[in-house]
Structure formats: C-alpha cells, structure tokens
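Trainee: So here's run_0.txt (compact mmCIF, C-alpha atoms and all ligand atoms).
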# COMPACT_ATOMS: atom_id res chain seq x y z
CA MET P 1472 -16.17 -0.58 21.15
CA THR P 1473 -15.19 -4.25 21.31
CA THR P 1474 -11.78 -5.44 22.51
CA GLU P 1475 -11.62 -8.36 20.06
CA PRO P 1476 -9.56 -7.84 16.91
CA ALA P 1477 -11.39 -5.83 14.26
CA ILE P 1478 -10.08 -8.31 11.70
CA ARG P 1479 -8.63 -11.77 12.20
CA VAL P 1480 -7.41 -13.89 9.31
CA LYS P 1481 -5.78 -17.29 9.57
CA ASP P 1482 -4.09 -19.16 6.75
CA LEU P 1483 -6.24 -17.47 4.12
CA ARG P 1484 -5.98 -18.94 0.65
CA LYS P 1485 -7.66 -18.16 -2.64
CA GLU P 1486 -7.04 -19.99 -5.87
CA TYR P 1487 -8.44 -18.98 -9.24
CA PRO P 1488 -8.46 -21.36 -12.16
CA GLY P 1489 -5.81 -20.33 -14.69
CA ARG P 1490 -4.77 -21.45 -18.15
CA ASP P 1491 -1.51 -22.97 -16.85
CA GLY P 1492 -2.93 -24.34 -13.60
CA PRO P 1493 -4.41 -22.61 -10.55
CA VAL P 1494 -3.41 -19.02 -9.71
CA HIS P 1495 -2.59 -18.75 -6.00
CA ALA P 1496 -3.84 -15.17 -5.57
CA VAL P 1497 -3.71 -15.45 -1.76
CA ALA P 1498 -1.30 -18.09 -0.53
CA GLY P 1499 -1.57 -18.39 3.27
CA VAL P 1500 -2.13 -14.97 4.86
CA ASP P 1501 -2.35 -14.46 8.64
CA LEU P 1502 -3.46 -11.09 9.99
CA GLU P 1503 -4.72 -9.62 13.23
CA ILE P 1504 -5.77 -5.99 13.17
CA PRO P 1505 -6.84 -4.36 16.45
CA PRO P 1506 -9.67 -1.83 16.54
CA GLY P 1507 -8.59 1.73 15.84
CA GLU P 1508 -5.62 0.80 13.70
CA CYS P 1509 -5.02 2.16 10.21
CA PHE P 1510 -3.55 -0.87 8.51
CA GLY P 1511 -2.04 -0.91 5.04
CA LEU P 1512 -1.79 -3.82 2.64
CA LEU P 1513 1.03 -2.91 0.29
CA GLY P 1514 2.19 -4.63 -2.80
CA PRO P 1515 2.61 -4.41 -6.55
CA ASN P 1516 -0.15 -5.07 -9.08
CA GLY P 1517 -1.33 -8.66 -8.86
CA ALA P 1518 0.09 -9.23 -5.36
CA GLY P 1519 -3.29 -10.37 -4.02
CA LYS P 1520 -4.39 -7.23 -2.18
CA THR P 1521 -7.79 -6.83 -3.81
CA THR P 1522 -8.61 -10.53 -3.48
CA THR P 1523 -7.74 -10.41 0.24
CA VAL P 1524 -9.80 -7.28 0.82
CA GLU P 1525 -12.75 -8.60 -1.20
CA ILE P 1526 -12.82 -11.70 1.00
CA LEU P 1527 -12.76 -9.51 4.14
CA GLU P 1528 -15.58 -7.40 2.66
CA GLY P 1529 -17.70 -10.51 2.01
CA LEU P 1530 -17.57 -9.95 -1.77
CA ASN P 1531 -15.43 -13.00 -2.55
CA ARG P 1532 -15.16 -16.44 -0.97
CA PRO P 1533 -11.89 -17.94 0.22
CA THR P 1534 -10.72 -21.33 -1.01
CA SER P 1535 -9.73 -22.06 2.61
CA GLY P 1536 -8.79 -20.35 5.86
CA GLU P 1537 -10.55 -18.49 8.65
CA VAL P 1538 -11.83 -14.92 8.48
CA GLU P 1539 -13.48 -12.99 11.30
CA VAL P 1540 -14.62 -9.40 10.94
CA LEU P 1541 -15.58 -7.78 14.26
CA GLY P 1542 -15.63 -11.29 15.75
CA ARG P 1543 -18.16 -12.57 13.21
CA ARG P 1544 -17.97 -14.88 10.21
CA TRP P 1545 -19.35 -14.03 6.79
CA ASP P 1546 -20.96 -17.45 6.34
CA VAL P 1547 -22.81 -17.15 9.67
CA GLU P 1548 -23.76 -13.48 10.20
CA PRO P 1549 -23.40 -11.58 6.94
CA THR P 1550 -25.98 -8.88 7.71
CA ALA P 1551 -24.51 -8.12 11.12
CA ILE P 1552 -21.10 -7.56 9.54
CA ARG P 1553 -22.46 -5.53 6.62
CA GLU P 1554 -24.17 -3.10 9.02
CA ARG P 1555 -20.86 -2.33 10.73
CA ILE P 1556 -18.41 -1.98 7.85
CA GLY P 1557 -17.96 0.50 5.03
CA VAL P 1558 -16.47 -0.31 1.65
CA THR P 1559 -14.85 1.88 -0.99
CA LEU P 1560 -14.03 -0.24 -4.02
CA GLN P 1561 -11.09 0.27 -6.35
CA GLU P 1562 -13.39 1.62 -9.05
CA THR P 1563 -16.88 2.89 -8.43
CA ARG P 1564 -19.32 3.96 -11.09
CA PHE P 1565 -22.28 5.98 -9.81
CA PRO P 1566 -25.22 7.17 -11.96
CA ASP P 1567 -24.09 10.33 -13.78
CA LYS P 1568 -27.42 12.13 -13.57
CA GLU P 1569 -27.90 11.83 -9.82
CA THR P 1570 -26.81 14.57 -7.45
CA VAL P 1571 -24.39 14.01 -4.60
CA ARG P 1572 -27.20 14.46 -2.08
CA GLU P 1573 -29.54 12.04 -3.90
CA LEU P 1574 -26.90 9.35 -4.09
CA LEU P 1575 -25.96 9.61 -0.42
CA THR P 1576 -29.64 9.58 0.57
CA VAL P 1577 -30.13 6.28 -1.27
CA PHE P 1578 -27.09 4.70 0.40
CA ARG P 1579 -28.11 6.04 3.82
CA SER P 1580 -31.43 4.18 3.48
CA PHE P 1581 -29.56 0.84 3.42
CA TYR P 1582 -28.44 1.26 7.04
CA SER P 1583 -30.46 1.22 10.26
CA HIS P 1584 -28.13 3.83 11.75
CA GLY P 1585 -25.41 6.09 10.37
CA LEU P 1586 -24.31 9.61 9.56
CA THR P 1587 -26.67 12.25 8.22
CA VAL P 1588 -26.26 12.97 4.53
CA ASP P 1589 -24.94 16.44 5.41
CA GLY P 1590 -22.57 14.88 7.95
CA ALA P 1591 -21.18 12.49 5.34
CA MET P 1592 -20.65 15.32 2.84
CA ALA P 1593 -18.89 17.38 5.52
CA ARG P 1594 -16.51 14.49 6.33
CA VAL P 1595 -15.22 14.54 2.76
CA SER P 1596 -15.57 18.32 2.18
CA LEU P 1597 -18.22 18.00 -0.54
CA GLU P 1598 -20.85 20.27 1.06
CA SER P 1599 -20.58 22.79 -1.77
CA LYS P 1600 -21.30 20.00 -4.29
CA ALA P 1601 -24.48 18.72 -2.62
CA ASN P 1602 -26.65 19.56 -5.61
CA ALA P 1603 -24.06 18.94 -8.33
CA LEU P 1604 -24.61 16.04 -10.71
CA ILE P 1605 -22.10 13.25 -10.31
CA GLU P 1606 -20.95 13.75 -13.91
CA GLN P 1607 -19.94 17.31 -12.98
CA LEU P 1608 -17.50 16.17 -10.27
CA SER P 1609 -13.74 15.94 -10.81
CA GLY P 1610 -11.98 12.59 -10.39
CA GLY P 1611 -10.86 13.53 -6.89
CA GLN P 1612 -14.35 14.67 -5.90
CA GLN P 1613 -15.87 11.43 -7.25
CA GLN P 1614 -13.38 9.45 -5.21
CA ARG P 1615 -14.24 11.46 -2.08
CA LEU P 1616 -17.89 10.77 -2.82
CA ALA P 1617 -17.10 7.04 -2.98
CA VAL P 1618 -15.50 7.37 0.47
CA ALA P 1619 -18.59 9.25 1.74
CA VAL P 1620 -20.69 6.29 0.53
CA GLY P 1621 -18.37 4.02 2.52
CA LEU P 1622 -18.80 6.22 5.60
CA ILE P 1623 -22.56 6.78 5.46
CA GLY P 1624 -23.37 3.85 7.77
CA ASP P 1625 -20.83 5.22 10.33
CA PRO P 1626 -18.82 2.00 10.05
CA GLU P 1627 -16.46 0.57 12.66
CA ILE P 1628 -14.18 -0.58 9.85
CA LEU P 1629 -13.66 1.22 6.55
CA PHE P 1630 -12.11 -0.74 3.67
CA LEU P 1631 -10.39 1.39 1.05
CA ASP P 1632 -9.01 -0.36 -2.01
CA GLU P 1633 -6.38 1.85 -3.69
CA PRO P 1634 -8.34 4.99 -2.90
CA THR P 1635 -5.93 7.45 -4.50
CA THR P 1636 -4.83 5.61 -7.63
CA GLY P 1637 -4.97 7.95 -10.60
CA LEU P 1638 -5.59 11.09 -8.55
CA ASP P 1639 -3.58 14.30 -8.81
CA PRO P 1640 -1.37 15.20 -5.80
CA GLN P 1641 -3.83 17.71 -4.37
CA SER P 1642 -6.74 15.26 -4.51
CA ARG P 1643 -4.56 12.57 -2.95
CA ARG P 1644 -3.75 14.85 -0.03
CA GLN P 1645 -7.42 15.75 0.43
CA LEU P 1646 -8.24 12.05 0.68
CA TRP P 1647 -5.37 11.50 3.10
CA ASP P 1648 -6.95 14.15 5.35
CA VAL P 1649 -10.25 12.26 5.25
CA ILE P 1650 -8.48 9.03 6.26
CA LEU P 1651 -6.45 10.75 9.01
CA ASP P 1652 -9.67 12.27 10.35
CA LEU P 1653 -11.23 8.81 10.49
CA ARG P 1654 -8.17 7.41 12.22
CA GLY P 1655 -8.39 10.27 14.73
CA ARG P 1656 -11.94 9.14 15.49
CA GLY P 1657 -10.66 5.70 16.51
CA ARG P 1658 -12.12 3.81 13.56
CA THR P 1659 -10.32 0.90 11.96
CA VAL P 1660 -9.16 1.51 8.41
CA LEU P 1661 -7.87 -1.18 6.07
CA LEU P 1662 -6.20 0.38 3.10
CA THR P 1663 -4.59 -1.19 0.06
CA THR P 1664 -2.11 0.83 -1.90
CA HIS P 1665 0.94 0.60 -4.06
CA TYR P 1666 2.01 4.10 -3.04
CA MET P 1667 4.65 3.80 -0.36
CA ASP P 1668 4.46 7.45 0.70
CA GLU P 1669 0.75 6.99 1.29
CA ALA P 1670 1.34 4.01 3.54
CA GLU P 1671 4.10 5.80 5.44
CA ARG P 1672 1.93 8.84 6.01
CA LEU P 1673 -1.31 7.09 6.96
CA CYS P 1674 -0.70 3.63 8.37
CA ASP P 1675 0.10 2.53 11.92
CA ARG P 1676 1.22 -0.84 10.53
CA VAL P 1677 1.62 -2.28 7.09
CA ALA P 1678 1.86 -5.75 5.62
CA VAL P 1679 3.98 -5.94 2.50
CA ILE P 1680 2.35 -8.55 0.28
CA ASP P 1681 3.94 -10.16 -2.74
CA GLN P 1682 2.70 -13.13 -4.76
CA GLY P 1683 -0.10 -13.79 -2.28
CA LYS P 1684 2.10 -13.89 0.81
CA ILE P 1685 2.99 -11.40 3.53
CA ILE P 1686 6.73 -10.85 3.29
CA ALA P 1687 7.05 -8.12 5.95
CA LEU P 1688 4.81 -6.81 8.72
CA GLY P 1689 5.30 -3.90 11.11
CA SER P 1690 5.10 -0.15 11.46
CA PRO P 1691 6.62 1.76 8.53
CA ALA P 1692 9.39 2.95 10.90
CA GLU P 1693 10.16 -0.62 12.03
CA LEU P 1694 10.37 -1.92 8.48
CA ILE P 1695 12.57 0.95 7.41
CA ALA P 1696 14.82 0.47 10.46
CA LYS P 1697 15.43 -3.14 9.37
CA LEU P 1698 17.34 -1.87 6.35
CA GLY P 1699 20.04 -0.79 8.81
CA GLY P 1700 20.73 2.59 7.21
CA GLU P 1701 18.62 5.72 7.20
CA HIS P 1702 19.76 7.28 3.96
CA VAL P 1703 19.96 6.42 0.30
CA VAL P 1704 22.59 7.98 -1.93
CA GLU P 1705 21.75 7.75 -5.63
CA PHE P 1706 24.30 8.70 -8.24
CA GLY P 1707 25.36 8.29 -11.83
CA VAL P 1708 28.86 7.90 -13.24
CA GLU P 1709 29.94 8.76 -16.77
CA GLY P 1710 31.29 5.99 -18.97
CA GLU P 1711 31.24 2.18 -18.64
CA PRO P 1712 29.30 0.45 -15.84
CA ILE P 1713 31.13 -0.21 -12.56
CA ASP P 1714 30.66 -3.32 -10.39
CA PRO P 1715 28.51 -2.14 -7.43
CA ALA P 1716 30.70 -4.26 -5.12
CA THR P 1717 33.29 -1.47 -5.51
CA PHE P 1718 30.94 0.90 -3.68
CA ALA P 1719 29.76 -1.64 -1.11
CA ALA P 1720 33.20 -1.59 0.50
CA LEU P 1721 33.16 2.18 1.12
CA ASP P 1722 32.95 3.75 4.56
CA SER P 1723 29.41 3.71 6.08
CA VAL P 1724 27.89 1.96 3.04
CA LEU P 1725 25.55 -0.89 4.05
CA ALA P 1726 24.41 -2.03 0.61
CA ALA P 1727 25.07 -1.08 -2.99
CA ARG P 1728 22.90 -1.74 -5.99
CA ALA P 1729 23.06 -1.02 -9.70
CA GLU P 1730 19.94 0.80 -10.88
CA ALA P 1731 18.67 1.29 -14.43
CA ASP P 1732 20.35 4.71 -14.67
CA GLY P 1733 23.11 4.59 -12.05
CA TYR P 1734 23.72 3.26 -8.56
CA SER P 1735 22.01 3.37 -5.21
CA LEU P 1736 23.73 3.04 -1.83
CA THR P 1737 22.05 2.45 1.52
CA VAL P 1738 24.22 4.35 3.96
CA GLY P 1739 24.40 4.95 7.68
CA GLU P 1740 26.12 8.34 7.59
CA PRO P 1741 26.08 10.29 4.32
CA HIS P 1742 28.80 12.69 5.54
CA ARG P 1743 31.20 9.73 5.66
CA ALA P 1744 29.92 7.78 2.66
CA ILE P 1745 29.83 10.66 0.16
CA PRO P 1746 33.46 11.82 0.61
CA ALA P 1747 34.56 8.19 0.41
CA LEU P 1748 32.58 7.77 -2.81
CA LEU P 1749 34.02 10.94 -4.35
CA ASP P 1750 37.57 9.83 -3.44
CA ALA P 1751 36.97 6.37 -4.94
CA LEU P 1752 35.66 7.82 -8.23
CA ASP P 1753 38.51 10.33 -8.32
CA GLU P 1754 41.05 7.53 -7.94
CA VAL P 1755 39.73 5.69 -11.01
CA GLY P 1756 39.26 8.93 -12.96
CA ARG P 1757 35.50 8.50 -13.41
CA PRO P 1758 33.54 11.77 -13.10
CA LEU P 1759 30.27 11.84 -11.19
CA ALA P 1760 27.29 12.65 -13.45
CA ARG P 1761 24.77 13.34 -10.65
CA LEU P 1762 24.20 12.67 -6.97
CA THR P 1763 21.14 12.96 -4.73
CA THR P 1764 20.43 11.82 -1.18
CA ARG P 1765 17.13 10.99 0.46
CA HIS P 1766 15.73 9.18 3.47
CA VAL P 1767 15.08 5.44 3.21
CA SER P 1768 11.44 4.71 2.34
CA LEU P 1769 9.13 1.70 2.32
CA GLU P 1770 9.84 1.44 -1.40
CA ASP P 1771 13.45 0.61 -0.49
CA VAL P 1772 12.17 -2.05 1.91
CA PHE P 1773 10.23 -3.67 -0.92
CA VAL P 1774 13.19 -3.54 -3.30
CA ALA P 1775 15.47 -5.01 -0.61
CA LEU P 1776 13.07 -7.89 0.01
CA THR P 1777 12.16 -8.76 -3.57
CA GLY P 1778 14.72 -7.20 -5.87
CA ARG P 1779 11.84 -5.50 -7.68
CA ARG P 1780 10.26 -2.07 -7.63
CA LEU P 1781 6.69 -1.77 -6.46
CA ARG P 1782 5.34 0.45 -9.14
CA ASP P 1783 6.57 -1.01 -12.40
CA ASP P 1784 7.88 -4.50 -11.62
CA GLU P 1785 11.24 -3.34 -12.96
CA ILE P 1786 13.92 -5.96 -12.32
CA GLU P 1787 16.73 -4.89 -10.02
CA GLU P 1788 20.13 -6.39 -9.53
CA PRO P 1789 20.49 -7.90 -6.07
CA ALA P 1790 22.12 -5.54 -3.58
CA VAL P 1791 25.69 -6.21 -2.58
CA GLY P 1792 26.33 -6.12 1.17
CA GLY P 1793 28.50 -3.35 2.57
CA ARG P 1794 31.43 -3.65 4.91
CA ASN P 1795 29.05 -4.48 7.76
CA GLY P 1796 28.48 -7.68 5.84
CA ARG P 1797 24.73 -7.23 5.48
CA ARG P 1798 23.05 -8.54 2.35
CA TRP P 1799 19.61 -7.21 1.70
CA GLY P 1800 19.10 -8.10 -1.90
CA ARG P 1801 17.57 -11.32 -3.06
CA LYS P 1802 17.93 -12.94 -6.40
CA ALA P 1803 16.05 -10.84 -8.94
CA ARG P 1804 13.01 -12.63 -10.22
CA ALA P 1805 11.50 -12.25 -13.63
CA ALA P 1806 8.52 -9.93 -13.73
CA ARG P 1807 5.28 -11.82 -14.07
N1 LIG H 1901 -11.37 -13.52 -11.05
C1 LIG H 1901 -10.13 -13.89 -11.27
N2 LIG H 1901 -9.84 -14.97 -12.03
C2 LIG H 1901 -8.58 -15.38 -12.24
N3 LIG H 1901 -7.48 -14.78 -11.71
C3 LIG H 1901 -7.72 -13.70 -10.94
C4 LIG H 1901 -9.02 -13.19 -10.68
N4 LIG H 1901 -8.91 -12.10 -9.87
C5 LIG H 1901 -7.60 -11.93 -9.64
N5 LIG H 1901 -6.87 -12.88 -10.27
C6 LIG H 1901 -5.40 -13.04 -10.23
O1 LIG H 1901 -5.02 -13.17 -8.86
C7 LIG H 1901 -3.82 -12.45 -8.60
C8 LIG H 1901 -4.05 -11.42 -7.52
O2 LIG H 1901 -4.90 -10.40 -8.02
P1 LIG H 1901 -5.42 -9.17 -7.14
O3 LIG H 1901 -6.35 -8.35 -7.98
O4 LIG H 1901 -5.92 -9.67 -5.85
O5 LIG H 1901 -4.06 -8.37 -6.89
P2 LIG H 1901 -3.84 -6.88 -6.40
O6 LIG H 1901 -2.65 -6.93 -5.50
O7 LIG H 1901 -5.06 -6.32 -5.84
O8 LIG H 1901 -3.46 -6.14 -7.74
P3 LIG H 1901 -4.01 -4.74 -8.32
O9 LIG H 1901 -3.26 -3.70 -7.60
O10 LIG H 1901 -3.64 -4.83 -9.77
O11 LIG H 1901 -5.49 -4.75 -8.10
C9 LIG H 1901 -3.38 -11.88 -9.94
O12 LIG H 1901 -2.47 -12.78 -10.51
C10 LIG H 1901 -4.67 -11.81 -10.73
O13 LIG H 1901 -4.40 -11.92 -12.11
Could you take the file, read its structure, and then write that structure out as structure tokens?
Ligand SMILES: Nc1ncnc2c1ncn2[C@@H]1O[C@H](COP(=O)(O)OP(=O)(O)OP(=O)(O)O)[C@@H](O)[C@H]1O
Mentor:
Amino acid sequence: MTTEPAIRVKDLRKEYPGRDGPVHAVAGVDLEIPPGECFGLLGPNGAGKTTTVEILEGLNRPTSGEVEVLGRRWDVEPTAIRERIGVTLQETRFPDKETVRELLTVFRSFYSHGLTVDGAMARVSLESKANALIEQLSGGQQQRLAVAVGLIGDPEILFLDEPTTGLDPQSRRQLWDVILDLRGRGRTVLLTTHYMDEAERLCDRVAVIDQGKIIALGSPAELIAKLGGEHVVEFGVEGEPIDPATFAALDSVLAARAEADGYSLTVGEPHRAIPALLDALDEVGRPLARLTTRHVSLEDVFVALTGRRLRDDEIEEPAVGGRNGRRWGRKARAAR
C-alpha cells in the first residue's frame, strides 16, 4: 500500500450555472485523507457533498482546484484510477430481470483483478440471494448489492454516497457492518451522509460541509469536545415562552437555546444543571412539561456552527452563552 494520501484536494471549486447567477456548489475545499481512513463528508441537502464526491470519482469536472486520487490525476491517468477505486452512487438502478450473480459477473469483467463473485456476495451477506432476480430484493438488499458492485474490483478506496438513505434501521446496521469490515481490512472509505449517528459510528474523521465549504474537520470525538459540554438537557415548560438567557446563567450550563417545542441546554454536569433548572422554574411558578437528557452528538455540533438542523434545515435561534461565557450559536440564516 502506498504512503501518499489516498485523496488530496486543494482549493476545489465547482460552479453550476443558475437562474440568479452561478451556484457555488463547492466553494474552496481542501482535504487530505490518508490510506486506511474512513472519512465522512457530512452536511445537509445541497451542501455540496455529492458534487465533491463525483469530482473525486471522475464523474464530474471541477471548475478549478487540484484533485489527486492515489497520487494520480483524473485528466492524466483516468484508467489507472478507475482500476483502483470502487463507487456506490446515491441511487443505483440495476436491470430488474438479472440475478445477483449475473450482475456481479458482468461488473467483475470490467476489472483486471478483483474479488470473486462469491467473495463479493459474502462481503455483503447476499450469498443466499445469488440466484434471486434483482426485482425480488428488498431495498436494503439492493443497496448491499450496490456496495458489492463497488467492491468487486477489490478497490483501495470505496466511495459511498449516502449509502443508507431511505433504509430501515436493520438494513442500515447491516450496511454499517459491511463498512466496518472494509475499514478493518485497511481500505480507505469516503462516505457522505446526513445521518450524524452514522458518521459517529463509522468515521475516523469527518468534515462538516455547508454551502460548499468545510466548516469543521476532525474526529467525531474532537468535534463534540469543542462544544465544551458532554450532555444536552432538553425540556419543555408549560405556558408562555421564556427567554433562553434565563437558563444560560444556571449552574453548569454552557449554552441555552430555544427549540421549536421547548429548550435545549448544553451542560457540563447534569446533576448540577438539572436541580438548578428545577429550582429556577419553581421560583417563577412554571411547571416542567417534560425533560430528557442525552449525550452531545455531531448533530449538536452542526447546530452550534450554523444555527440550523442537518436533516430538515429548520431554523434555530442562536444559542445564548452560559456562565462560562461561551457562545456557540451563530446568527440563524434563512433556509435555502
Ligand atoms: N447539475 C447541476 N446544475 C445546477 N446546480 C446543481 C447541479 N448539481 C448540483 N447543483 C446544486 O449544487 C449544490 C450542491 O449540490 P450537491 O448535490 O452537491 O449537494 P449534496 O450535499 O450532495 O446534497 P444532497 O444530499 O441533496 O445530494 C446545490 O445547490 C444543488 O442544487
């Protein structure tokens, strides 16, 4: 295996013509991904993930910038790159009337070396479906087949564009196992997703991308640690809305935010913050409607950086800094 980066991207830009002027789908992305890393590109719909990945896969051309895949450039050595990468697109449509084995046999013939067809089916646990028609497969099985197609050339890098979107939880977990297996084999995986739990579970490092730019880069644990608190307390209060600044001043609260249906606090120590919250509500005679606690997630990182949720582009109020004086919220922007 080479010691050069598996992927190197410098000042990558892609503009599409738009009705109201050019759309800057990728607006200056720098990336260096070492071999063997499972790297996640995270961001909401329209952030520029697919465009970036398509350029890396050689399916789209950049407007400007440098791209090297396994030390090679698409405009110089396209075949050499194609032989060593695998691609699973966001949506794949295979011929309904072909069997799993037939399809994999066709794709295997495109590569000078690779897995056996049986080996590829085993990697994605589809052995029992070898002779099933593609139209007979469930959504999760079809997606695993798409991954098997990506793996058939035994690639050094596998690109997976939103591999689990639309799948049920069990199918998602089955695909996660396939990706973890690949990671365990030392292969490089570049994954795009808008599921934060997926990124946390699978990725060594993630780049959070928004409006064509990387706004945070690091391991999920590093990005979460930057929020300063490990826990989120979410609660609702009966009656009129309360200014979140009231809660920001409470013991061990690092940031407070009004949510659509209540409030969310980033806290260092829930056993100090919760009693303080209950006392404060008691004092003003406002009963608590509900309260839950959870660990901070990458979703919270995204909200803290952009003031928006990843999944639905819902607008959030900026967070109000706690007594440690930390402000994590930014001005809420209008959804595009
Ligand atoms: N062929 C195209 N022509 C014009 N605009 C495009 C084209 N492809 C993408 N865009 C625009 O570029 C931006 C980035 O799109 P892209 O598909 O890369 O985002 P994404 O993060 O992958 O989103 P999704 O999760 O929805 O696929 C969006 O504003 C999109 O509308």
Trainee: Could you name the residues that touch His1495 (chain P) at 9 Å or less, counting only C-alpha atoms, but leaving out those on the same chain fewer than 2 positions away, as a ChimeraX atom specification?
Mentor: /P:1484-1488,1493,1497-1498,1519,1682-1683
Trainee: Please give me, as number ranges by chain, the residues lying within 9 Å of ligand LIG 1901 (chain H) when counting all atoms listed in the file.
Mentor: P: 1485-1489, 1493-1497, 1512-1525, 1561, 1632-1633, 1663-1665, 1680-1683, 1807
Trainee: Enter the distance from CA of Glu1606 (chain P) to CA of Thr1570 (chain P), in Å, rounded to one decimal.
Mentor: 8.8 Å
Trainee: List as a list in words the residues having at least one atom at most 12 Å from position (9.5, 1.6, 12.6) as given in the file, counting all atoms listed in the file.
Mentor: Glu1671, Cys1674, Asp1675, Arg1676, Val1677, Leu1688, Gly1689, Ser1690, Pro1691, Ala1692, Glu1693, Leu1694, Ile1695, Ala1696, Lys1697, Leu1698, Gly1699, Glu1701, Val1767, Ser1768, Leu1769 and Val1772 of chain P
Trainee: Can I get the selected residues back with C-alpha atoms, as a PDB file, in the coordinates of the input?
Mentor:
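And here's result.pdb as it stands now:
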ATOM      1  CA  GLU P1671       4.100   5.800   5.440  1.00  0.00           C
ATOM      2  CA  CYS P1674      -0.700   3.630   8.370  1.00  0.00           C
ATOM      3  CA  ASP P1675       0.100   2.530  11.920  1.00  0.00           C
ATOM      4  CA  ARG P1676       1.220  -0.840  10.530  1.00  0.00           C
ATOM      5  CA  VAL P1677       1.620  -2.280   7.090  1.00  0.00           C
ATOM      6  CA  LEU P1688       4.810  -6.810   8.720  1.00  0.00           C
ATOM      7  CA  GLY P1689       5.300  -3.900  11.110  1.00  0.00           C
ATOM      8  CA  SER P1690       5.100  -0.150  11.460  1.00  0.00           C
ATOM      9  CA  PRO P1691       6.620   1.760   8.530  1.00  0.00           C
ATOM     10  CA  ALA P1692       9.390   2.950  10.900  1.00  0.00           C
ATOM     11  CA  GLU P1693      10.160  -0.620  12.030  1.00  0.00           C
ATOM     12  CA  LEU P1694      10.370  -1.920   8.480  1.00  0.00           C
ATOM     13  CA  ILE P1695      12.570   0.950   7.410  1.00  0.00           C
ATOM     14  CA  ALA P1696      14.820   0.470  10.460  1.00  0.00           C
ATOM     15  CA  LYS P1697      15.430  -3.140   9.370  1.00  0.00           C
ATOM     16  CA  LEU P1698      17.340  -1.870   6.350  1.00  0.00           C
ATOM     17  CA  GLY P1699      20.040  -0.790   8.810  1.00  0.00           C
ATOM     18  CA  GLU P1701      18.620   5.720   7.200  1.00  0.00           C
ATOM     19  CA  VAL P1767      15.080   5.440   3.210  1.00  0.00           C
ATOM     20  CA  SER P1768      11.440   4.710   2.340  1.00  0.00           C
ATOM     21  CA  LEU P1769       9.130   1.700   2.320  1.00  0.00           C
ATOM     22  CA  VAL P1772      12.170  -2.050   1.910  1.00  0.00           C
TER      23      VAL P1772
END
Trainee: Any idea what's packed within 9 Å of Arg1479 (chain P), counting all atoms listed in the file, ignoring anything in its chain fewer than 3 positions away? Could you give it as a list in words?
Mentor: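 These residues fall inside the cut-off: Pro1476, Asp1501, Leu1502, Glu1503, Ile1504, Pro1505, Glu1537, Val1538, Glu1539, Val1540, Leu1541 and Gly1542 of chain P.
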Trainee: Grab the CA of Arg1658 (chain P) to CA of Leu1608 (chain P) distance for me, in Å with one decimal place.
Mentor: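 CA of Leu1608 (chain P) lies at a distance of 27.4 Å from CA of Arg1658 (chain P).
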Trainee: Figure out the distance between CA of Ser1642 (chain P) and CA of Ala1601 (chain P), please, to one decimal in Å.
Mentor: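 Taking CA of Ala1601 (chain P) as the start and CA of Ser1642 (chain P) as the end point, the length is 18.2 Å.
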Trainee: Which one is closest to Gln1607 (chain P): P:Leu1662, P:Ala1760, P:Val1571, P:Leu1673? Count all atoms listed in the file.
Mentor: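 Of P:Leu1662, P:Ala1760, P:Val1571, P:Leu1673, the one nearest Gln1607 (chain P), counting all atoms listed in the file, is P:Val1571.
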Trainee: Skip Lys1568 (chain P) itself and residues of its chain fewer than 4 positions away, then list as a ChimeraX atom specification all residues within 12 Å of it, counting all atoms listed in the file.
Mentor: /P:1564,1572-1574,1602-1608
Trainee: Write a file of the selected residues as a PDB file, keeping the file's coordinate frame, keeping C-alpha atoms.
Mentor:
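Saved result, result_16.pdb, follows:
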ATOM      1  CA  ARG P1564     -19.320   3.960 -11.090  1.00  0.00           C
ATOM      2  CA  ARG P1572     -27.200  14.460  -2.080  1.00  0.00           C
ATOM      3  CA  GLU P1573     -29.540  12.040  -3.900  1.00  0.00           C
ATOM      4  CA  LEU P1574     -26.900   9.350  -4.090  1.00  0.00           C
ATOM      5  CA  ASN P1602     -26.650  19.560  -5.610  1.00  0.00           C
ATOM      6  CA  ALA P1603     -24.060  18.940  -8.330  1.00  0.00           C
ATOM      7  CA  LEU P1604     -24.610  16.040 -10.710  1.00  0.00           C
ATOM      8  CA  ILE P1605     -22.100  13.250 -10.310  1.00  0.00           C
ATOM      9  CA  GLU P1606     -20.950  13.750 -13.910  1.00  0.00           C
ATOM     10  CA  GLN P1607     -19.940  17.310 -12.980  1.00  0.00           C
ATOM     11  CA  LEU P1608     -17.500  16.170 -10.270  1.00  0.00           C
TER      12      LEU P1608
END
Trainee: Let me make sure I understand: among P:Leu1622, P:Glu1598, P:Ile1556, P:Tyr1666, which one has the smallest atom-to-atom distance to Phe1773 (chain P) if we use all atoms listed in the file?
Mentor: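 Closest to Phe1773 (chain P) of all the choices is P:Tyr1666.
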